[in-house]
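Asks: TSV, C-alpha atoms, file run.tsv:
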```
chain	number	residue	atom	x	y	z
J	70	MET	CA	7.11	72.57	161.49
J	71	SER	CA	4.78	69.67	162.28
J	72	PRO	CA	6.18	66.44	163.78
J	73	MET	CA	5.06	64.51	160.69
J	74	ILE	CA	7.10	66.71	158.32
J	75	THR	CA	10.07	66.65	160.68
J	76	SER	CA	9.94	62.84	160.80
J	77	ILE	CA	9.79	62.61	157.00
J	78	LEU	CA	12.78	64.96	156.61
J	79	ILE	CA	14.87	63.07	159.17
J	80	LEU	CA	13.94	59.77	157.49
J	81	ASN	CA	15.09	61.18	154.15
J	82	LEU	CA	18.32	62.40	155.77
J	83	ALA	CA	19.02	58.90	157.05
J	84	THR	CA	17.99	57.28	153.75
J	85	GLY	CA	20.23	59.53	151.65
J	86	THR	CA	23.26	58.81	153.82
J	87	ILE	CA	22.60	55.06	153.86
J	88	ILE	CA	22.17	54.97	150.05
J	89	THR	CA	25.54	56.69	149.60
J	90	MET	CA	27.28	54.48	152.16
J	91	ALA	CA	25.90	51.28	150.64
J	92	SER	CA	26.42	52.11	146.95
J	93	PHE	CA	29.26	51.08	144.64
J	94	HIS	CA	27.85	52.95	141.62
J	95	TRP	CA	28.56	56.64	141.15
J	96	LEU	CA	24.99	57.51	140.15
J	97	LEU	CA	23.55	55.88	143.28
J	98	ALA	CA	26.11	57.68	145.45
J	99	TRP	CA	25.25	60.99	143.78
J	100	MET	CA	21.54	60.35	144.25
J	101	GLY	CA	22.06	59.70	147.98
J	102	LEU	CA	24.05	62.94	148.36
J	103	GLU	CA	21.31	64.93	146.59
J	104	LEU	CA	18.58	63.38	148.75
J	105	ASN	CA	20.65	64.22	151.82
J	106	THR	CA	21.06	67.84	150.73
J	107	LEU	CA	17.41	68.40	149.83
J	108	ALA	CA	16.21	66.88	153.12
J	109	ILE	CA	18.22	69.22	155.35
J	110	LEU	CA	17.34	72.48	153.56
J	111	PRO	CA	13.87	72.80	155.18
J	112	ILE	CA	15.41	71.90	158.56
J	113	ILE	CA	17.91	74.77	158.26
J	114	SER	CA	15.31	77.32	157.15
J	115	LYS	CA	12.42	76.22	159.40
J	116	SER	CA	12.72	79.29	161.69
J	117	HIS	CA	11.94	81.59	158.70
J	118	HIS	CA	14.52	84.05	159.96
J	119	PRO	CA	16.44	85.93	157.22
J	120	ARG	CA	19.73	84.47	158.49
J	121	ALA	CA	18.29	80.94	158.35
J	122	THR	CA	17.06	81.50	154.80
J	123	GLU	CA	20.47	82.87	153.83
J	124	ALA	CA	22.19	79.87	155.46
J	125	SER	CA	20.00	77.36	153.63
J	126	THR	CA	20.64	79.16	150.30
J	127	LYS	CA	24.41	79.10	150.84
J	128	TYR	CA	24.27	75.46	151.84
J	129	PHE	CA	22.22	74.54	148.77
J	130	LEU	CA	24.48	76.38	146.31
J	131	THR	CA	27.66	74.89	147.76
J	132	GLN	CA	26.38	71.34	147.98
J	133	ALA	CA	24.76	71.49	144.53
J	134	ALA	CA	28.04	72.69	142.99
J	135	ALA	CA	29.97	69.93	144.75
J	136	SER	CA	27.44	67.28	143.65
J	137	ALA	CA	27.65	68.51	140.05
J	138	LEU	CA	31.44	68.25	140.22
J	139	ILE	CA	31.17	64.68	141.57
J	140	LEU	CA	28.84	63.75	138.71
J	141	PHE	CA	31.16	65.41	136.20
J	142	SER	CA	34.23	63.56	137.52
J	143	SER	CA	32.38	60.22	137.49
J	144	VAL	CA	31.23	60.77	133.89
J	145	MET	CA	34.79	61.68	132.90
J	146	ASN	CA	36.09	58.52	134.56
J	147	ALA	CA	33.39	56.42	132.86
J	148	GLN	CA	34.38	57.83	129.48
J	149	THR	CA	38.01	56.90	130.08
J	150	THR	CA	37.64	53.49	131.74
J	151	GLY	CA	34.12	52.39	130.80
J	152	GLN	CA	33.38	51.76	134.51
J	153	TRP	CA	30.85	53.41	136.85
J	154	SER	CA	32.17	51.60	139.91
J	155	ILE	CA	33.38	53.77	142.80
J	156	LEU	CA	36.34	51.42	143.25
J	157	GLN	CA	37.51	51.90	139.64
J	158	LEU	CA	38.53	55.57	139.73
J	159	GLU	CA	41.57	55.54	137.45
J	160	ASP	CA	41.51	58.81	135.48
J	161	PRO	CA	43.98	61.27	137.14
J	162	LEU	CA	41.90	64.37	136.37
J	163	ALA	CA	38.73	62.67	137.66
J	164	GLN	CA	40.58	61.75	140.87
J	165	THR	CA	41.60	65.37	141.47
J	166	LEU	CA	38.13	66.73	140.66
J	167	LEU	CA	36.45	64.19	142.93
J	168	THR	CA	38.83	65.01	145.78
J	169	MET	CA	38.08	68.72	145.41
J	170	ALA	CA	34.31	68.08	145.24
J	171	LEU	CA	34.30	65.96	148.40
J	172	ALA	CA	36.48	68.57	150.12
J	173	MET	CA	33.88	71.22	149.21
J	174	LYS	CA	31.09	69.04	150.60
J	175	LEU	CA	32.97	68.49	153.85
J	176	GLY	CA	34.14	72.08	154.26
J	177	LEU	CA	37.89	71.66	153.86
J	178	ALA	CA	39.97	74.77	153.19
J	179	PRO	CA	40.08	76.61	150.82
J	180	ALA	CA	36.44	75.63	150.12
J	181	HIS	CA	35.44	76.18	153.75
J	182	PHE	CA	33.81	79.63	153.66
J	183	TRP	CA	30.25	78.31	153.64
J	184	LEU	CA	30.51	76.29	156.86
J	185	PRO	CA	30.84	79.11	159.47
J	186	GLU	CA	28.08	81.15	157.78
J	187	VAL	CA	25.70	78.20	157.55
J	188	LEU	CA	26.25	77.19	161.17
J	189	GLN	CA	25.81	80.76	162.36
J	190	GLY	CA	22.44	80.96	160.60
J	191	SER	CA	21.24	77.61	161.93
J	192	SER	CA	20.06	76.51	165.35
J	193	PHE	CA	22.35	74.42	167.56
J	194	LYS	CA	20.33	71.26	166.88
J	195	THR	CA	20.60	71.78	163.13
J	196	GLY	CA	24.28	72.61	163.53
J	197	LEU	CA	24.78	69.31	165.34
J	198	ILE	CA	23.34	67.48	162.33
J	199	ILE	CA	25.54	69.45	159.91
J	200	ILE	CA	28.83	68.81	161.70
J	201	THR	CA	28.16	65.13	162.47
J	202	TRP	CA	25.61	63.27	160.33
J	203	GLN	CA	26.15	65.32	157.17
J	204	LYS	CA	29.87	64.42	157.19
J	205	LEU	CA	29.23	60.67	157.02
J	206	ALA	CA	28.32	60.34	153.33
J	207	PRO	CA	31.24	62.39	151.88
J	208	MET	CA	33.70	60.75	154.31
J	209	THR	CA	32.41	57.33	153.21
J	210	LEU	CA	33.23	58.17	149.58
J	211	LEU	CA	36.68	59.37	150.65
J	212	LEU	CA	37.25	56.14	152.59
J	213	LEU	CA	36.12	54.07	149.59
J	214	THR	CA	38.50	55.91	147.25
J	215	TRP	CA	41.33	56.59	149.71
J	216	ASN	CA	43.90	54.64	147.64
J	217	GLN	CA	42.76	56.30	144.37
J	218	ALA	CA	42.25	59.89	145.53
J	219	SER	CA	44.83	62.58	144.86
J	220	MET	CA	47.26	62.25	147.78
J	221	LEU	CA	48.92	65.63	147.20
J	222	THR	CA	45.57	67.47	147.00
J	223	LEU	CA	44.22	65.85	150.18
J	224	THR	CA	47.44	66.45	152.12
J	225	MET	CA	47.64	70.11	151.07
J	226	MET	CA	43.94	70.75	151.80
J	227	GLY	CA	44.13	68.89	155.09
J	228	SER	CA	47.14	70.77	156.43
J	229	LEU	CA	45.69	74.09	155.23
J	230	SER	CA	42.39	73.26	156.96
J	231	VAL	CA	44.14	72.65	160.30
J	232	ILE	CA	45.88	76.03	160.01
J	233	VAL	CA	42.73	77.90	158.87
J	234	GLY	CA	40.59	76.21	161.52
J	235	GLY	CA	43.01	77.30	164.25
J	236	LEU	CA	43.45	80.85	163.01
J	237	GLY	CA	39.79	81.41	162.16
J	238	GLY	CA	38.50	80.57	165.63
J	239	LEU	CA	40.85	82.91	167.49
J	240	ASN	CA	38.89	86.15	167.01
J	241	GLN	CA	35.37	84.71	167.26
J	242	THR	CA	32.88	85.30	170.05
J	243	GLN	CA	29.96	83.35	168.55
J	244	LEU	CA	30.14	79.74	169.67
J	245	ARG	CA	28.63	78.39	166.44
J	246	LYS	CA	31.40	79.98	164.38
J	247	ILE	CA	34.03	78.65	166.79
J	248	ILE	CA	32.51	75.16	166.42
J	249	ALA	CA	32.55	75.57	162.62
J	250	PHE	CA	36.26	76.44	162.55
J	251	SER	CA	36.92	73.57	164.96
J	252	SER	CA	35.11	71.26	162.54
J	253	ILE	CA	37.31	72.52	159.69
J	254	ALA	CA	40.44	71.80	161.74
J	255	HIS	CA	39.31	68.29	162.68
J	256	LEU	CA	38.37	67.51	159.08
J	257	GLY	CA	41.89	68.63	158.16
J	258	TRP	CA	43.33	65.94	160.44
J	259	MET	CA	41.11	63.32	158.79
J	260	ALA	CA	42.00	64.43	155.24
J	261	THR	CA	45.72	64.46	156.02
J	262	ILE	CA	45.86	60.94	157.44
J	263	ILE	CA	43.30	59.24	155.18
J	264	THR	CA	45.78	58.52	152.37
J	265	LYS	CA	48.27	57.06	154.86
J	266	SER	CA	45.92	55.08	157.10
J	267	ASN	CA	42.18	54.92	156.46
J	268	LYS	CA	41.65	53.24	159.83
J	269	LEU	CA	43.08	56.25	161.63
J	270	ALA	CA	40.88	58.56	159.55
J	271	LEU	CA	37.84	56.54	160.63
J	272	LEU	CA	39.02	56.72	164.25
J	273	ASN	CA	39.38	60.52	163.94
J	274	LEU	CA	35.85	60.81	162.56
J	275	THR	CA	34.36	58.55	165.25
J	276	MET	CA	36.04	60.39	168.12
J	277	TYR	CA	35.09	63.77	166.65
J	278	ILE	CA	31.41	62.78	166.49
J	279	LEU	CA	31.50	61.25	169.99
J	280	ILE	CA	32.98	64.45	171.46
J	281	SER	CA	30.93	66.93	169.42
J	282	MET	CA	27.57	65.42	170.40
J	283	PRO	CA	27.79	65.98	174.20
J	284	MET	CA	29.46	69.34	173.65
J	285	MET	CA	26.64	70.61	171.41
J	286	LEU	CA	23.95	69.08	173.64
J	287	SER	CA	25.38	70.78	176.72
J	288	LEU	CA	25.38	74.14	174.91
J	289	ILE	CA	21.76	73.54	173.88
J	290	PHE	CA	20.75	72.75	177.48
J	291	SER	CA	22.43	75.83	178.92
J	292	SER	CA	21.09	78.14	176.14
J	293	THR	CA	24.64	79.34	175.46
J	294	LYS	CA	25.32	81.14	172.17
J	295	THR	CA	28.30	83.42	172.82
J	296	THR	CA	31.45	83.36	174.93
J	297	GLN	CA	29.83	85.92	177.23
J	298	ASP	CA	26.97	83.50	177.90
J	299	LEU	CA	29.51	80.95	179.13
J	300	THR	CA	30.30	83.16	182.11
J	301	THR	CA	26.74	82.68	183.44
J	302	THR	CA	26.57	78.93	182.85
J	303	TRP	CA	27.61	78.15	186.42
J	304	THR	CA	24.68	80.03	187.94
J	305	THR	CA	22.14	78.37	185.64
J	306	SER	CA	23.64	74.87	185.39
J	307	PRO	CA	26.21	74.14	188.14
J	308	MET	CA	26.53	70.45	187.30
J	309	LEU	CA	26.77	70.98	183.56
J	310	ALA	CA	29.49	73.67	183.60
J	311	PRO	CA	32.48	71.45	184.57
J	312	LEU	CA	31.33	68.70	182.20
J	313	THR	CA	31.08	71.22	179.35
J	314	MET	CA	34.56	72.48	180.19
J	315	MET	CA	36.03	68.96	180.05
J	316	THR	CA	34.27	68.26	176.75
J	317	LEU	CA	35.66	71.47	175.22
J	318	LEU	CA	39.18	70.57	176.36
J	319	SER	CA	38.74	67.06	174.96
J	320	LEU	CA	37.69	68.51	171.61
J	321	GLY	CA	40.83	70.63	171.66
J	322	GLY	CA	42.96	67.51	172.11
J	323	LEU	CA	44.30	68.15	175.61
J	324	PRO	CA	45.71	65.05	177.31
J	325	PRO	CA	44.65	62.93	179.14
J	326	LEU	CA	41.17	63.37	177.62
J	327	SER	CA	39.76	61.34	174.72
J	328	GLY	CA	40.40	63.97	172.04
J	329	PHE	CA	44.15	63.51	172.46
J	330	MET	CA	44.01	59.87	171.30
J	331	PRO	CA	43.37	60.35	167.52
J	332	LYS	CA	45.90	63.21	167.34
J	333	TRP	CA	48.52	61.15	169.15
J	334	LEU	CA	48.06	58.15	166.84
J	335	THR	CA	47.98	60.37	163.74
J	336	LEU	CA	51.26	62.09	164.64
J	337	GLU	CA	52.83	58.72	165.43
J	338	GLU	CA	51.79	57.35	162.03
J	339	LEU	CA	53.14	60.41	160.20
J	340	LEU	CA	56.48	60.11	162.01
J	341	THR	CA	56.59	56.39	161.18
J	342	GLN	CA	56.21	57.26	157.48
J	343	ASN	CA	59.03	59.86	157.66
J	344	MET	CA	56.71	62.89	157.42
J	345	ALA	CA	58.17	64.82	160.32
J	346	LEU	CA	57.60	68.24	158.70
J	347	LEU	CA	53.90	67.57	158.12
J	348	ALA	CA	53.53	66.23	161.67
J	349	THR	CA	55.20	69.35	163.04
J	350	VAL	CA	52.88	71.63	161.05
J	351	LEU	CA	49.81	69.78	162.31
J	352	ALA	CA	51.00	69.74	165.91
J	353	MET	CA	51.84	73.45	165.92
J	354	SER	CA	48.59	74.39	164.17
J	355	THR	CA	46.42	72.42	166.58
J	356	LEU	CA	47.85	74.51	169.43
J	357	LEU	CA	45.87	77.43	167.97
J	358	SER	CA	42.65	75.45	168.30
J	359	LEU	CA	43.61	74.38	171.80
J	360	PHE	CA	44.18	78.01	172.72
J	361	PHE	CA	40.62	79.13	172.00
J	362	TYR	CA	39.25	76.03	173.70
J	363	LEU	CA	41.28	76.95	176.77
J	364	ARG	CA	39.84	80.46	176.51
J	365	LEU	CA	36.30	79.06	176.44
J	366	SER	CA	37.09	76.77	179.36
J	367	TYR	CA	38.48	79.74	181.30
J	368	SER	CA	35.22	81.63	180.65
J	369	LEU	CA	33.39	78.67	182.19
J	370	SER	CA	35.71	78.22	185.16
J	371	VAL	CA	36.24	81.87	186.12
J	372	THR	CA	32.73	82.15	187.56
J	373	MET	CA	32.68	78.77	189.31
J	374	SER	CA	31.96	79.38	192.98
J	375	PRO	CA	33.72	77.31	195.65
J	376	SER	CA	30.43	77.15	197.56
J	377	PRO	CA	27.67	76.41	195.04
J	378	THR	CA	25.11	75.78	197.76
J	379	LYS	CA	24.87	79.51	198.43
J	380	ILE	CA	23.83	80.23	194.84
J	381	SER	CA	20.16	80.43	193.97
J	382	SER	CA	20.41	78.36	190.81
J	383	LYS	CA	18.02	79.04	187.97
J	384	TRP	CA	17.72	75.56	186.57
J	385	ARG	CA	16.85	75.38	182.92
J	386	LEU	CA	17.50	71.70	182.37
J	387	LYS	CA	14.52	69.50	181.64
J	388	PRO	CA	14.73	65.72	181.38
J	389	ASP	CA	14.16	64.59	177.81
J	390	THR	CA	15.68	62.27	175.21
J	391	SER	CA	18.53	64.74	174.61
J	392	ALA	CA	19.50	64.52	178.29
J	393	LEU	CA	19.62	60.73	178.01
J	394	LEU	CA	21.73	61.03	174.85
J	395	LEU	CA	24.10	63.40	176.66
J	396	SER	CA	24.52	60.99	179.57
J	397	ILE	CA	25.34	58.17	177.12
J	398	THR	CA	27.82	60.06	174.93
J	399	LEU	CA	29.60	62.06	177.63
J	400	PRO	CA	31.76	59.29	179.22
J	401	PRO	CA	33.47	58.12	175.98
J	402	SER	CA	34.09	61.73	174.97
J	403	ILE	CA	36.41	62.34	177.93
J	404	LEU	CA	37.50	58.90	179.23
J	405	ALA	CA	38.57	56.89	176.15
J	406	LEU	CA	42.33	57.54	176.27
J	407	PRO	CA	43.18	54.26	178.13
J	408	LEU	CA	41.82	52.41	175.07
J	409	THR	CA	44.63	53.82	172.88
J	410	PRO	CA	46.66	50.54	172.65
J	411	LEU	CA	43.58	48.80	171.24
J	412	MET	CA	43.13	51.48	168.53
J	413	LYS	CA	46.55	51.19	166.91
J	414	PRO	CA	46.25	50.02	163.28
```
Show how you would write the structure in this file as structure tokens.
Replies:
Amino acid sequence: MSPMITSILILNLATGTIITMASFHWLLAWMGLELNTLAILPIISKSHHPRATEASTKYFLTQAAASALILFSSVMNAQTTGQWSILQLEDPLAQTLLTMALAMKLGLAPAHFWLPEVLQGSSFKTGLIIITWQKLAPMTLLLLTWNQASMLTLTMMGSLSVIVGGLGGLNQTQLRKIIAFSSIAHLGWMATIITKSNKLALLNLTMYILISMPMMLSLIFSSTKTTQDLTTTWTTSPMLAPLTMMTLLSLGGLPPLSGFMPKWLTLEELLTQNMALLATVLAMSTLLSLFFYLRLSYSLSVTMSPSPTKISSKWRLKPDTSALLLSITLPPSILALPLTPLMKP
């Protein structure tokens, strides 16, 4: 794909997300979501591999169905209330349909089956866009309608997503599928807390993006695709291996790393609102995710030599803009826990 076409597609990706984030009319929001979907399809299928074509087809069908459901729910709400404003979602059936449509766009369980397959058929760079930038527009609509969305639906889907995300990643060896199930689990935390505290949901999303970016970039640099590849990361990238391990543990929510902060504040808020059972389910389910992150970290650490100077390293890292981005995003992804008192809503 030529640089000109790539630039146009990325510009359309950014434009679609910005249109949705800046709109207060349902048709404008729908138009931004459609532009966003159509712009990423060529990026997913640019390798012309059968798996990439299959991934782009699955992504298109899922996102098109979710967009149609959003349009249908907004029309139903307009018929009932006479309003097209996003902030005037008053019809109960439209609220439930919109919640389910946004959950399908994000990849919440039980509408999560497309996300692992799409990520597995995409490159790591495309996967990074899917699990970070592509979540911004649907999460913006959820944040705009957090006090009108169906609380029961979001809570049930969120808690189910945390359980499915933890269980689904246990028997995986492909890193892209593990990252997909991790994304499902993290989205479950956001969906569960968004109806109780939208500020905490925004904090969860911000920390997830900040941790996912250096983690994906480090996997891209080390050319790692499976758990078996992790065992050779030390010989190819001695400096990157411990940083990748810390980023993985942070994504799993292990204290005292940054990923523990949003989970800590979320559990505290749920306990404050007398939802001890829900907090217990989330805490126990996230241990499953932490387990496979510990397994990945063990794969990285088991081959670490105490005397790296004796290893003839085969360096594959090349300085580029991605390396600069990694150096910028890595510190907040593992060192932000002392800022917890400032993040309390």
Asks: Looking at all atoms listed in the file, which of J:Ser358, J:Thr302, J:Ser191, J:Ser291 is the one that sits closest to Leu323 in chain J?
Replies: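 Checking each of J:Ser358, J:Thr302, J:Ser191, J:Ser291 against Leu323 in chain J, counting all atoms listed in the file, the winner is J:Ser358.
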Asks: Here is a test: counting only C-alpha atoms, which residue of J:Ala348, J:Ile77, J:Ala172, J:Leu223 is nearest to Met208 in chain J?
Replies: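 Among the listed residues, the smallest separation from Met208 in chain J belongs to J:Ala172.
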Asks: Set the distance at 10 Å and use all atoms listed in the file: which residues neighbour Trp99 in chain J once local chain neighbours fewer than 6 positions away are removed? I'd like the list as a VMD selection string.
Replies: chain J and resid 85 88 to 89 92 105 136 to 137 139 to 140 143
Asks: How many Å lie between CA of Met308 in chain J and CA of Gly321 in chain J, rounded to one decimal?
Replies: 21.2 Å
Asks: May I have the residues within 9 Å of Thr126 in chain J as a VMD selection string, using all atoms listed in the file and disregarding those fewer than 4 positions away in the same chain?
Replies: chain J and resid 110 114 121 to 122 130 to 131 187
Asks: At most 12 Å is the cut-off: for each residue in range 175-261 of chain J with any atom that close to an atom of range 276-279 of chain J, write down the nearest atom pair and the distance in Å rounded to one decimal, counting only C-alpha atoms, chain first then increasing number, as JSON lines.
Replies:
```
{"residue": "J:Leu197", "atom": "CA", "partner": "J:Ile278", "partner_atom": "CA", "distance": 9.4}
{"residue": "J:Ile198", "atom": "CA", "partner": "J:Ile278", "partner_atom": "CA", "distance": 10.2}
{"residue": "J:Ile199", "atom": "CA", "partner": "J:Ile278", "partner_atom": "CA", "distance": 11.1}
{"residue": "J:Ile200", "atom": "CA", "partner": "J:Ile278", "partner_atom": "CA", "distance": 8.1}
{"residue": "J:Thr201", "atom": "CA", "partner": "J:Ile278", "partner_atom": "CA", "distance": 5.7}
{"residue": "J:Trp202", "atom": "CA", "partner": "J:Ile278", "partner_atom": "CA", "distance": 8.5}
{"residue": "J:Gln203", "atom": "CA", "partner": "J:Ile278", "partner_atom": "CA", "distance": 11.0}
{"residue": "J:Lys204", "atom": "CA", "partner": "J:Ile278", "partner_atom": "CA", "distance": 9.6}
{"residue": "J:Leu205", "atom": "CA", "partner": "J:Ile278", "partner_atom": "CA", "distance": 9.9}
{"residue": "J:Ile248", "atom": "CA", "partner": "J:Tyr277", "partner_atom": "CA", "distance": 11.7}
{"residue": "J:Ser251", "atom": "CA", "partner": "J:Tyr277", "partner_atom": "CA", "distance": 10.1}
{"residue": "J:Ser252", "atom": "CA", "partner": "J:Tyr277", "partner_atom": "CA", "distance": 8.5}
{"residue": "J:Ile253", "atom": "CA", "partner": "J:Tyr277", "partner_atom": "CA", "distance": 11.4}
{"residue": "J:Ala254", "atom": "CA", "partner": "J:Tyr277", "partner_atom": "CA", "distance": 10.8}
{"residue": "J:His255", "atom": "CA", "partner": "J:Tyr277", "partner_atom": "CA", "distance": 7.3}
{"residue": "J:Leu256", "atom": "CA", "partner": "J:Tyr277", "partner_atom": "CA", "distance": 9.1}
{"residue": "J:Gly257", "atom": "CA", "partner": "J:Tyr277", "partner_atom": "CA", "distance": 11.9}
{"residue": "J:Trp258", "atom": "CA", "partner": "J:Tyr277", "partner_atom": "CA", "distance": 10.5}
{"residue": "J:Met259", "atom": "CA", "partner": "J:Tyr277", "partner_atom": "CA", "distance": 9.9}
```
Asks: As an exercise, work out the distance from CA of Gly227 in chain J to CA of Ile262 in chain J in Å and give it to one decimal place.
Replies: 8.5 Å
